[in-house]
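Listing of coords-v2.txt; format and content: compact mmCIF, C-alpha atoms.
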# COMPACT_ATOMS: atom_id res chain seq x y z
CA MET A 1 0.00 0.00 0.00
CA CYS A 2 2.89 2.33 0.87
CA ARG A 3 4.35 1.81 -2.58
CA ILE A 4 1.03 2.38 -4.33
CA MET A 5 0.31 5.82 -2.80
CA PRO A 6 3.44 7.55 -4.19
CA VAL A 7 2.67 6.14 -7.66
CA LEU A 8 -0.89 7.49 -7.50
CA GLY A 9 0.45 10.85 -6.38
CA ILE A 10 2.87 11.00 -9.30
CA LEU A 11 0.12 10.09 -11.78
CA LEU A 12 -2.17 12.77 -10.35
CA PHE A 13 0.64 15.34 -10.55
CA LEU A 14 1.34 14.42 -14.18
CA PHE A 15 -2.38 14.66 -14.99
CA VAL A 16 -2.66 18.13 -13.48
CA LEU A 17 0.58 19.19 -15.17
CA GLY A 18 -0.72 17.98 -18.53
CA GLY A 19 -3.95 19.93 -18.00
CA CYS A 20 -2.02 23.09 -17.19
CA ALA A 21 0.18 22.66 -20.25
CA SER A 22 -2.92 22.27 -22.42
CA ALA A 23 -4.52 25.37 -20.85
CA ASP A 24 -1.31 27.35 -21.42
CA LYS A 25 -1.30 26.35 -25.07
CA ARG A 26 -4.92 27.46 -25.58
CA PHE A 27 -4.15 30.73 -23.79
CA GLU A 28 -1.15 31.40 -26.05
CA GLN A 29 -3.25 30.67 -29.13
CA GLY A 30 -5.86 33.13 -27.82
CA ASN A 31 -3.16 35.78 -27.41
CA GLU A 32 -2.03 35.27 -30.99
CA MET A 33 -5.55 35.60 -32.37
CA GLU A 34 -6.23 38.63 -30.20
CA ALA A 35 -3.10 40.33 -31.55
CA LYS A 36 -4.40 39.74 -35.09
CA GLY A 37 -7.76 41.27 -34.24
CA GLN A 38 -9.51 37.90 -34.49
CA TYR A 39 -11.54 38.48 -31.35
CA GLU A 40 -14.19 35.84 -31.88
CA GLN A 41 -11.58 33.10 -32.39
CA ALA A 42 -9.65 34.38 -29.37
CA VAL A 43 -12.80 34.05 -27.25
CA MET A 44 -13.07 30.39 -28.22
CA ARG A 45 -9.43 29.70 -27.21
CA TYR A 46 -9.76 31.45 -23.85
CA VAL A 47 -12.93 29.48 -23.16
CA GLN A 48 -11.08 26.26 -24.00
CA ALA A 49 -8.27 27.26 -21.65
CA LEU A 50 -10.77 27.73 -18.81
CA GLU A 51 -12.43 24.43 -19.66
CA LYS A 52 -9.03 22.79 -19.17
CA ASP A 53 -8.33 24.71 -15.95
CA HIS A 54 -11.17 26.75 -14.42
CA THR A 55 -8.70 28.50 -12.05
CA TYR A 56 -6.69 29.97 -14.94
CA GLU A 57 -7.21 33.65 -14.03
CA PRO A 58 -5.25 35.20 -16.96
CA ALA A 59 -7.58 33.46 -19.41
CA ARG A 60 -10.60 34.70 -17.48
CA ILE A 61 -9.37 38.29 -17.58
CA ARG A 62 -8.60 38.18 -21.31
CA LEU A 63 -11.92 36.46 -22.06
CA LEU A 64 -13.83 39.28 -20.37
CA GLU A 65 -11.85 41.93 -22.24
CA VAL A 66 -11.79 40.31 -25.68
CA GLY A 67 -15.36 39.03 -25.42
CA ASN A 68 -16.65 42.56 -25.03
CA LEU A 69 -14.50 43.70 -27.96
CA ALA A 70 -15.96 40.89 -30.11
CA ILE A 71 -19.50 41.92 -29.16
CA GLN A 72 -18.85 45.55 -30.04
CA GLU A 73 -17.29 44.52 -33.34
CA HIS A 74 -20.36 42.50 -34.30
CA LEU A 75 -22.70 45.33 -33.32
CA THR A 76 -20.75 47.67 -35.58
CA ASP A 77 -20.70 45.16 -38.45
CA SER A 78 -24.42 44.57 -38.01
CA GLU A 79 -25.15 48.29 -38.41
CA THR A 80 -22.87 48.47 -41.46
CA ARG A 81 -24.68 45.59 -43.17
CA LEU A 82 -28.04 47.15 -42.43
CA GLN A 83 -26.96 50.45 -44.01
CA ARG A 84 -25.85 48.49 -47.09
CA GLY A 85 -29.33 46.99 -47.46
CA ASP A 86 -28.57 43.53 -46.02
CA PRO A 87 -30.89 43.04 -43.02
CA VAL A 88 -30.44 39.25 -43.12
CA GLY A 89 -26.66 39.57 -42.81
CA SER A 90 -27.16 42.25 -40.16
CA ALA A 91 -29.31 39.93 -38.02
CA GLY A 92 -26.75 37.17 -38.45
CA HIS A 93 -24.29 39.17 -36.33
CA TYR A 94 -26.71 39.01 -33.40
CA ARG A 95 -26.70 35.22 -33.68
CA ARG A 96 -22.90 35.30 -33.43
CA ILE A 97 -23.09 37.59 -30.41
CA ASP A 98 -25.45 35.08 -28.79
CA SER A 99 -22.85 32.36 -29.39
CA ILE A 100 -20.03 34.43 -27.86
CA VAL A 101 -22.10 35.26 -24.76
CA ALA A 102 -23.13 31.61 -24.34
CA GLN A 103 -19.54 30.35 -24.64
CA ALA A 104 -18.31 32.79 -22.01
CA ARG A 105 -21.20 32.00 -19.69
CA SER A 106 -20.37 28.28 -19.92
CA VAL A 107 -17.13 29.01 -17.99
CA GLY A 108 -18.66 31.52 -15.59
CA VAL A 109 -17.82 34.77 -17.39
CA ARG A 110 -20.63 37.29 -17.99
CA LEU A 111 -19.99 39.63 -20.91
CA ASP A 112 -21.48 43.08 -21.37
CA VAL A 113 -24.23 43.75 -23.90
CA PRO A 114 -26.15 47.03 -24.42
CA ASN A 115 -29.04 47.66 -22.03
CA ASP A 116 -31.51 47.51 -24.92
CA TYR A 117 -29.82 44.48 -26.52
CA GLU A 118 -32.93 42.26 -26.47
CA GLY A 119 -34.98 44.92 -28.25
CA MET A 120 -32.21 45.53 -30.81
CA ARG A 121 -31.91 41.82 -31.40
CA ARG A 122 -35.66 41.28 -31.80
CA GLY A 123 -35.91 44.22 -34.20
CA ALA A 124 -33.05 42.88 -36.31
CA PHE A 125 -34.64 39.41 -36.38
CA ASP A 126 -38.04 40.83 -37.41
CA HIS A 127 -36.46 42.88 -40.20
CA ALA A 128 -34.53 39.82 -41.46
CA PHE A 129 -37.68 37.67 -41.32
CA ASP A 130 -39.73 40.17 -43.35
CA THR A 131 -36.93 40.46 -45.90
CA LEU A 132 -36.69 36.70 -46.37
CA ILE A 133 -40.45 36.39 -46.85
CA ASP A 134 -40.36 39.17 -49.45
CA GLN A 135 -37.49 37.39 -51.22
CA SER A 136 -39.44 34.12 -51.12
CA VAL A 137 -42.49 35.75 -52.72
CA MET A 138 -40.36 37.41 -55.40
CA ALA A 139 -38.57 34.16 -56.24
CA ARG A 140 -41.92 32.33 -56.41
CA ASP A 141 -43.36 34.90 -58.81
CA GLN A 142 -40.26 34.46 -61.00
CA GLY A 143 -40.53 30.65 -60.98
CA ARG A 144 -37.33 30.18 -58.97
CA TRP A 145 -38.93 27.48 -56.86
CA GLU A 146 -35.89 26.15 -54.99
CA ASP A 147 -34.75 29.67 -54.05
CA SER A 148 -38.23 30.54 -52.85
CA ALA A 149 -38.37 27.46 -50.62
CA ALA A 150 -34.89 28.18 -49.23
CA TYR A 151 -35.88 31.73 -48.23
CA ALA A 152 -39.09 30.59 -46.51
CA ARG A 153 -37.28 27.84 -44.60
CA GLN A 154 -34.48 30.17 -43.53
CA ALA A 155 -37.07 32.60 -42.17
CA GLN A 156 -38.51 29.82 -40.02
CA ARG A 157 -35.13 28.44 -38.95
CA ASP A 158 -32.73 31.27 -38.26
CA PHE A 159 -34.53 34.15 -36.60
CA GLU A 160 -36.77 32.78 -33.87
CA PRO A 161 -40.11 33.64 -35.47
CA THR A 162 -43.10 34.42 -33.30
CA PHE A 163 -46.21 32.27 -33.59
CA ASP A 164 -47.74 34.66 -36.12
CA GLN A 165 -44.51 34.89 -38.11
CA ARG A 166 -44.25 31.11 -38.21
CA ASN A 167 -47.73 30.91 -39.73
CA VAL A 168 -46.80 33.58 -42.28
CA ALA A 169 -43.72 31.60 -43.33
CA LEU A 170 -45.60 28.32 -43.51
CA THR A 171 -48.38 29.94 -45.55
CA GLU A 172 -45.83 31.28 -48.00
CA GLU A 173 -44.19 27.86 -48.24
CA ALA A 174 -47.58 26.24 -48.91
CA ASN A 175 -48.37 28.87 -51.57
CA LEU A 176 -45.03 28.13 -53.18
CA TYR A 177 -45.63 24.36 -53.38
CA VAL A 178 -49.11 24.82 -54.83
CA ALA A 179 -47.82 27.19 -57.53
CA TRP A 180 -44.83 24.96 -58.24
CA SER A 181 -47.00 21.84 -58.49
CA GLN A 182 -49.43 23.59 -60.82
CA ALA A 183 -46.55 24.66 -63.07
CA GLU A 184 -45.15 21.12 -63.21
CA SER A 185 -48.62 19.78 -64.02
CA ASP A 186 -49.03 22.31 -66.83
CA TYR A 187 -45.75 21.06 -68.31
CA GLY A 188 -47.06 17.48 -68.10
CA HIS A 189 -44.60 16.49 -65.36
CA LEU A 190 -47.10 14.47 -63.37
CA ARG A 191 -44.72 12.81 -60.91
CA ASN A 192 -42.95 16.07 -60.12
CA ALA A 193 -46.28 17.83 -59.70
CA PHE A 194 -47.51 15.11 -57.35
CA ASP A 195 -44.32 15.10 -55.25
CA VAL A 196 -44.29 18.89 -54.87
CA ALA A 197 -47.97 19.02 -53.90
CA ALA A 198 -47.30 16.32 -51.31
CA LEU A 199 -44.85 18.69 -49.60
CA VAL A 200 -47.83 20.78 -48.47
CA GLN A 201 -49.09 17.81 -46.45
CA MET A 202 -45.67 17.42 -44.85
CA LEU A 203 -45.61 20.95 -43.48
CA GLU A 204 -46.05 21.49 -39.75
CA TRP A 205 -49.14 23.53 -40.62
CA SER A 206 -50.76 24.82 -43.78
CA PRO A 207 -53.92 26.87 -44.42
CA PRO A 208 -56.98 24.74 -45.30
CA GLU A 209 -57.29 26.34 -48.75
CA GLN A 210 -53.74 25.42 -49.79
CA ALA A 211 -54.02 21.95 -48.26
CA GLU A 212 -57.21 21.25 -50.20
CA THR A 213 -55.77 22.61 -53.45
CA ALA A 214 -52.66 20.45 -53.04
CA SER A 215 -54.83 17.39 -52.41
CA LEU A 216 -56.85 18.03 -55.57
CA LEU A 217 -53.66 18.47 -57.60
CA MET A 218 -52.37 15.12 -56.34
CA GLU A 219 -55.67 13.43 -57.22
CA ASP A 220 -55.60 14.89 -60.73
CA CYS A 221 -52.03 13.70 -61.28
CA LEU A 222 -52.90 10.17 -60.16
CA ALA A 223 -56.04 10.09 -62.29
CA GLU A 224 -54.04 11.01 -65.37
CA GLY A 225 -50.85 9.05 -64.77
CA GLU A 226 -51.59 5.96 -62.63
CA LEU A 227 -50.46 2.65 -64.14
CA GLU A 228 -51.75 -0.86 -63.41
CA LEU A 229 -48.96 -3.35 -62.83
CA ILE A 230 -49.20 -7.14 -62.74
CA VAL A 231 -46.40 -8.99 -61.00
CA LEU A 232 -46.18 -12.66 -61.88
CA PRO A 233 -45.22 -15.16 -59.16
CA VAL A 234 -41.47 -15.51 -58.67
CA GLN A 235 -40.23 -18.46 -60.68
CA ALA A 236 -37.09 -20.56 -60.31
CA LYS A 237 -34.71 -22.18 -62.76
CA GLY A 238 -35.21 -25.89 -63.21
CA LYS A 239 -38.08 -28.28 -62.52
CA LYS A 240 -36.89 -29.70 -59.18
CA LYS A 241 -39.12 -28.26 -56.48
CA ASN A 242 -36.51 -28.88 -53.77
CA SER A 243 -33.71 -27.01 -55.58
CA PRO A 244 -31.99 -24.07 -53.84
CA GLU A 245 -33.40 -21.72 -56.46
CA HIS A 246 -36.98 -22.82 -55.69
CA PHE A 247 -36.35 -22.35 -51.99
CA VAL A 248 -35.08 -18.82 -52.59
CA SER A 249 -37.90 -17.96 -54.99
CA ASP A 250 -40.54 -19.01 -52.43
CA GLN A 251 -38.92 -16.88 -49.74
CA VAL A 252 -38.60 -13.86 -52.02
CA GLU A 253 -42.20 -14.19 -53.18
CA ASP A 254 -43.39 -14.22 -49.58
CA MET A 255 -41.14 -11.30 -48.67
CA LEU A 256 -42.40 -9.20 -51.61
CA TRP A 257 -46.09 -9.72 -50.85
CA HIS A 258 -45.58 -8.94 -47.18
CA GLY A 259 -43.64 -5.78 -48.02
CA PRO A 260 -43.17 -3.78 -51.24
CA TRP A 261 -46.02 -5.27 -53.27
CA ARG A 262 -48.45 -4.40 -50.45
CA GLN A 263 -47.40 -0.76 -50.45
CA PRO A 264 -46.51 0.29 -54.00
CA PRO A 265 -45.50 3.90 -54.58
CA ALA A 266 -47.89 6.50 -55.91
CA PHE A 267 -48.83 6.05 -59.59
CA ILE A 268 -48.62 2.25 -59.40
CA ALA A 269 -51.70 0.10 -58.78
CA MET A 270 -51.12 -3.63 -58.32
CA ASP A 271 -53.49 -6.56 -58.68
CA GLU A 272 -53.87 -8.92 -55.74
CA PRO A 273 -51.80 -12.15 -55.98
CA LEU A 274 -54.91 -14.34 -56.00
CA THR A 275 -56.27 -12.48 -59.02
CA VAL A 276 -52.97 -12.91 -60.87
CA ARG A 277 -52.66 -16.62 -60.01
CA THR A 278 -56.25 -17.29 -61.11
CA LEU A 279 -55.57 -15.56 -64.40
CA LEU A 280 -52.39 -17.56 -64.95
CA ASP A 281 -53.99 -20.86 -64.01
CA GLU A 282 -56.77 -20.27 -66.49
CA SER A 283 -54.40 -19.26 -69.28
CA GLY A 284 -51.64 -21.79 -68.49
CA MET A 285 -49.07 -19.26 -69.64
CA LEU A 286 -46.42 -20.05 -67.05
CA ASP A 287 -46.10 -23.63 -68.24
CA GLY A 288 -43.68 -22.65 -70.97
CA ASN A 289 -41.22 -19.89 -71.79
CA VAL A 290 -42.28 -16.43 -70.70
CA ASN A 291 -41.27 -13.50 -72.86
CA ALA A 292 -42.53 -10.03 -73.68
CA ALA A 293 -45.03 -11.37 -76.19
CA THR A 294 -46.66 -13.84 -73.79
CA MET A 295 -46.72 -11.16 -71.11
CA ALA A 296 -48.59 -8.88 -73.53
CA LEU A 297 -51.30 -11.55 -73.86
CA ILE A 298 -51.64 -11.70 -70.07
CA LEU A 299 -51.88 -7.92 -69.91
CA ARG A 300 -54.66 -7.84 -72.47
CA LEU A 301 -56.62 -10.45 -70.55
CA ALA A 302 -56.17 -8.47 -67.34
CA GLU A 303 -56.61 -5.08 -69.01
CA ALA A 304 -53.46 -3.85 -67.25
CA ASP A 305 -50.60 -1.65 -68.43
CA TYR A 306 -47.39 -3.47 -67.47
CA ALA A 307 -46.31 -6.89 -66.25
CA ALA A 308 -43.18 -8.00 -64.43
CA TYR A 309 -41.77 -11.52 -64.66
CA LEU A 310 -39.24 -12.55 -62.01
CA LYS A 311 -37.06 -15.65 -62.04
CA VAL A 312 -34.31 -16.83 -59.68
CA ILE A 313 -31.65 -18.12 -62.05
CA ASP A 314 -28.74 -18.91 -59.76
CA SER A 315 -27.86 -19.39 -56.08
CA ASP A 316 -24.71 -20.16 -54.13
CA VAL A 317 -23.66 -20.90 -50.55
CA ASN A 318 -20.18 -20.48 -49.15
CA GLU A 319 -18.44 -20.30 -45.79
CA PHE A 320 -15.62 -17.95 -44.79
CA ASP A 321 -13.65 -16.72 -41.77
CA ILE A 322 -13.70 -20.28 -40.44
CA LYS A 323 -11.95 -20.89 -37.12
CA SER A 324 -11.39 -24.26 -35.46
CA ARG A 325 -10.91 -25.13 -31.80
CA THR A 326 -10.46 -28.52 -30.19
CA GLU A 327 -12.70 -29.22 -27.20
CA SER A 328 -12.25 -32.00 -24.68
CA VAL A 329 -15.20 -34.20 -23.81
CA LYS A 330 -15.98 -37.68 -22.54
CA THR A 331 -17.92 -40.47 -24.14
CA ARG A 332 -20.99 -41.84 -22.45
CA GLN A 333 -18.74 -44.65 -21.24
CA GLY A 334 -16.49 -42.11 -19.52
CA GLN A 335 -13.57 -42.28 -21.95
CA PRO A 336 -11.84 -38.95 -22.71
CA THR A 337 -11.93 -37.78 -26.31
CA THR A 338 -12.08 -34.59 -28.36
CA PHE A 339 -14.10 -32.98 -31.11
CA VAL A 340 -13.55 -29.85 -33.21
CA LYS A 341 -15.73 -26.79 -32.83
CA GLU A 342 -15.89 -24.79 -36.05
CA SER A 343 -17.21 -21.24 -36.21
CA GLY A 344 -17.40 -18.79 -39.07
CA LYS A 345 -19.78 -17.00 -41.38
CA LEU A 346 -22.24 -18.37 -43.93
CA ARG A 347 -23.02 -16.34 -47.03
CA VAL A 348 -25.87 -17.21 -49.38
CA GLN A 349 -26.20 -15.43 -52.71
CA ALA A 350 -28.78 -15.50 -55.47
CA THR A 351 -29.36 -13.85 -58.81
CA ALA A 352 -32.72 -13.01 -60.35
CA ARG A 353 -33.79 -11.92 -63.79
CA ILE A 354 -36.42 -9.17 -64.11
CA LEU A 355 -38.42 -8.80 -67.32
CA ILE A 356 -40.97 -5.99 -67.62
CA ALA A 357 -43.17 -5.63 -70.68
CA ASP A 358 -46.09 -3.51 -71.84
CA GLU A 359 -49.37 -4.56 -73.42
CA PHE A 360 -47.86 -4.32 -76.91
CA GLY A 361 -45.07 -6.79 -76.16
CA ASN A 362 -42.33 -4.19 -75.80
CA GLU A 363 -39.60 -4.88 -73.28
CA ILE A 364 -39.43 -2.06 -70.74
CA ALA A 365 -36.65 -3.73 -68.76
CA ASN A 366 -34.61 -6.92 -68.89
CA GLU A 367 -32.21 -6.82 -65.96
CA ILE A 368 -30.26 -9.03 -63.59
CA VAL A 369 -30.08 -8.25 -59.87
CA SER A 370 -28.15 -10.06 -57.17
CA GLY A 371 -28.66 -10.30 -53.43
CA SER A 372 -26.85 -11.83 -50.49
CA GLY A 373 -27.32 -12.68 -46.84
CA THR A 374 -24.71 -13.45 -44.19
CA ALA A 375 -25.01 -15.02 -40.75
CA PRO A 376 -22.61 -16.57 -38.21
CA PHE A 377 -22.54 -20.32 -37.62
CA GLU A 378 -21.12 -22.78 -35.09
CA ARG A 379 -20.94 -26.56 -35.46
CA GLY A 380 -19.20 -29.60 -34.07
CA VAL A 381 -17.08 -32.02 -36.09
CA TYR A 382 -16.50 -35.53 -34.72
CA ALA A 383 -15.16 -38.57 -36.52
CA GLY A 384 -17.50 -40.94 -34.75
CA ASN A 385 -21.16 -40.84 -33.79
CA PRO A 386 -21.80 -37.67 -31.73
CA ASP A 387 -24.68 -39.46 -30.00
CA ASN A 388 -22.01 -41.39 -28.07
CA LEU A 389 -20.60 -38.17 -26.56
CA ASN A 390 -21.53 -36.87 -23.12
CA LEU A 391 -22.13 -33.29 -24.23
CA SER A 392 -23.03 -30.23 -22.16
CA ALA A 393 -26.18 -28.27 -22.99
CA ARG A 394 -24.06 -25.75 -24.89
CA GLN A 395 -22.25 -28.43 -26.86
CA VAL A 396 -25.39 -30.33 -27.84
CA ASP A 397 -26.49 -27.52 -30.19
CA LEU A 398 -23.23 -27.87 -32.12
CA PHE A 399 -24.44 -31.26 -33.41
CA ASP A 400 -28.18 -30.57 -33.49
CA GLN A 401 -29.32 -30.57 -37.13
CA ASN A 402 -32.29 -28.33 -36.35
CA ALA A 403 -30.07 -25.76 -34.67
CA LEU A 404 -27.66 -25.87 -37.60
CA ALA A 405 -30.54 -25.46 -40.04
CA ASP A 406 -31.79 -22.44 -38.07
CA GLN A 407 -28.39 -20.79 -38.51
CA GLY A 408 -28.66 -21.27 -42.25
CA MET A 409 -32.21 -19.91 -42.25
CA VAL A 410 -30.99 -16.63 -40.78
CA ALA A 411 -28.68 -16.15 -43.78
CA HIS A 412 -31.45 -17.16 -46.22
CA HIS A 413 -33.88 -14.75 -44.58
CA ARG A 414 -31.40 -11.91 -45.00
CA LEU A 415 -30.84 -12.94 -48.62
CA ALA A 416 -34.59 -12.87 -49.27
CA GLN A 417 -34.84 -9.41 -47.71
CA ASP A 418 -31.96 -8.07 -49.79
CA LEU A 419 -33.10 -9.62 -53.06
CA ALA A 420 -36.74 -8.62 -52.55
CA ARG A 421 -35.71 -5.01 -51.89
CA LYS A 422 -33.57 -4.87 -55.03
CA ILE A 423 -36.26 -6.51 -57.15
CA ALA A 424 -38.89 -4.06 -55.88
CA ASP A 425 -36.61 -1.06 -56.46
CA THR A 426 -35.97 -2.16 -60.03
CA VAL A 427 -39.58 -3.02 -60.86
CA PHE A 428 -40.99 0.16 -59.33
CA GLY A 429 -38.22 2.35 -60.72
CA ARG A 430 -38.59 1.08 -64.28
CA THR A 431 -42.38 1.26 -64.17
CA LEU A 432 -42.43 4.77 -62.68
CA ALA A 433 -40.10 5.89 -65.45
CA MET A 434 -43.05 5.38 -67.82
CA VAL A 435 -45.05 8.05 -65.96
CA PRO A 436 -44.27 11.51 -67.40
How does the structure come out when it is put into structure tokens?
Amino acid sequence: MCRIMPVLGILLFLFVLGGCASADKRFEQGNEMEAKGQYEQAVMRYVQALEKDHTYEPARIRLLEVGNLAIQEHLTDSETRLQRGDPVGSAGHYRRIDSIVAQARSVGVRLDVPNDYEGMRRGAFDHAFDTLIDQSVMARDQGRWEDSAAYARQAQRDFEPTFDQRNVALTEEANLYVAWSQAESDYGHLRNAFDVAALVQMLEWSPPEQAETASLLMEDCLAEGELELIVLPVQAKGKKKNSPEHFVSDQVEDMLWHGPWRQPPAFIAMDEPLTVRTLLDESGMLDGNVNAATMALILRLAEADYAAYLKVIDSDVNEFDIKSRTESVKTRQGQPTTFVKESGKLRVQATARILIADEFGNEIANEIVSGSGTAPFERGVYAGNPDNLNLSARQVDLFDQNALADQGMVAHHRLAQDLARKIADTVFGRTLAMVP
């Protein structure tokens, strides 16, 4: 114990010494910036010095002095910007003063601001807000949609709007989206018009008139541009029902109908799987080769616009990062023996072909997508019959075929998720591209 205490004392001394050295360095950097007239940067360094050592009195003194100089400099710059016709830039200096005051206060230093600072600040913020709204309206009238939105959002974000000001900014933003959507619709850009109108519904608040107009615009776009899509059941290469490709295709089919196919994006309407299967059973069209021409026949029967044919054409399983460890165990007769515990990662991969056609037999897409899923595994390897081993509860799972199969199912489930997502992205993306 007597030896330990001096060591702890030395470590504490070195820690304090290191903190002082760091504080000294920040103080020196603050001096350098102060000498260059970079008062705001000097404030930051003096604050950092006090954060390292709150008893560092020279840093506290300089922070008080330089902090007040930085405030005065920003007040002067704010007035200059205002005289030059830049109220937004003028108000920005008050935000920087707020930051300087907050930094100093965090280390116990209170800086001086004018007695009427709060009123000056509020007036500058109000002037900046009104200017930004005027700029937003002007940009909207000129068809500069992105600029208009940026001005309206900045007015809401940067200058602490009152409740009434917030409503003014949100109303302007809603007006912008309605005008923008109407312009896109007039140009025949239905998807763009729909997406812009939808932004009104995403606002924190919008006037009822604009909200209703945006809703009507969206309905009109859908009425004019919505497409009916038929997705054929996922097929697999080969006739063997127990092949890996069939296993993957069944999982992907299930994953698609429990996910993307149930919630298609706007402009895509999908038939229910039972309707599609009934149609195919009656026509017998999946018994042979499926191509754009046969898909066109299906589309005419269903009176739909596009059809997608999906087929898993390849799959592969491999193991990697395999590690082996020998474990000691006894047989049921009490004889010592060993087995090998292997652990690693299992990766399953599959490739699918996507064919999309229209009612005239034209190929809209003919693409290949690949997916993969990875999961860890553990298993036991024993030359003899593992049933003769006296295994612990933990070791039993290493030889349990059901447990081993469950490990593989995790990887297959992840593969199905990945492949289903990529298939849906491709099918929806290619189909949506047909909407103007």
Distance of atom CA of Ala183 of chain A from atom CA of Val435 of chain A, expressed in Å to one decimal place:
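Spanning atom CA of Val435 of chain A to atom CA of Ala183 of chain A is a straight-line distance of 16.9 Å.
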In the coordinate frame of the file, compute which residues have an atom within 8 Å of (-48.9, -2.1, -69.6) when using all atoms listed in the file, and state them as a PyMOL selection string.
chain A and resi 227-229+296+299+304-307+357-360
Using atom CA of Ser243 of chain A and atom CA of Arg277 of chain A as the two end points, give the distance in Å to one decimal.
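Atom CA of Arg277 of chain A lies 22.1 Å from atom CA of Ser243 of chain A.
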Write out as a ChimeraX atom specification the residues lying within 12 Å of Ile368 of chain A, counting all atoms listed in the file and excluding same-chain residues fewer than 3 positions away.
/A:309-314,350-356,365,371,419,422-423,426-427
If you take only C-alpha atoms and a cut-off of 8 Å, which residues of segment 174-284 of chain A touch segment 138-160 of chain A, and what are their nearest atom pairs and distances in Å to one decimal, in chain and number order, as a tab-separated table?
residue	atom	partner	partner_atom	distance
A:Leu176	CA	A:Arg140	CA	6.1
A:Ala179	CA	A:Arg140	CA	7.9
A:Trp180	CA	A:Trp145	CA	6.6
Asn385 of chain A: which residues within 12 Å, counting only C-alpha atoms, same-chain residues fewer than 5 positions away excluded, as JSON, numbers by chain?
{"A": [331, 332, 339, 380, 390, 399]}
Now that the selection is made, can you save its residues with C-alpha atoms as a tab-separated table (two decimals), in the coordinates of the input?
chain	number	residue	atom	x	y	z
A	331	THR	CA	-17.92	-40.47	-24.14
A	332	ARG	CA	-20.99	-41.84	-22.45
A	339	PHE	CA	-14.10	-32.98	-31.11
A	380	GLY	CA	-19.20	-29.60	-34.07
A	390	ASN	CA	-21.53	-36.87	-23.12
A	399	PHE	CA	-24.44	-31.26	-33.41
Could you please determine the separation between atom CA of Glu73 of chain A and atom CA of Asp134 of chain A in Å, to one decimal place?
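Between these atoms lies a distance of 28.6 Å.
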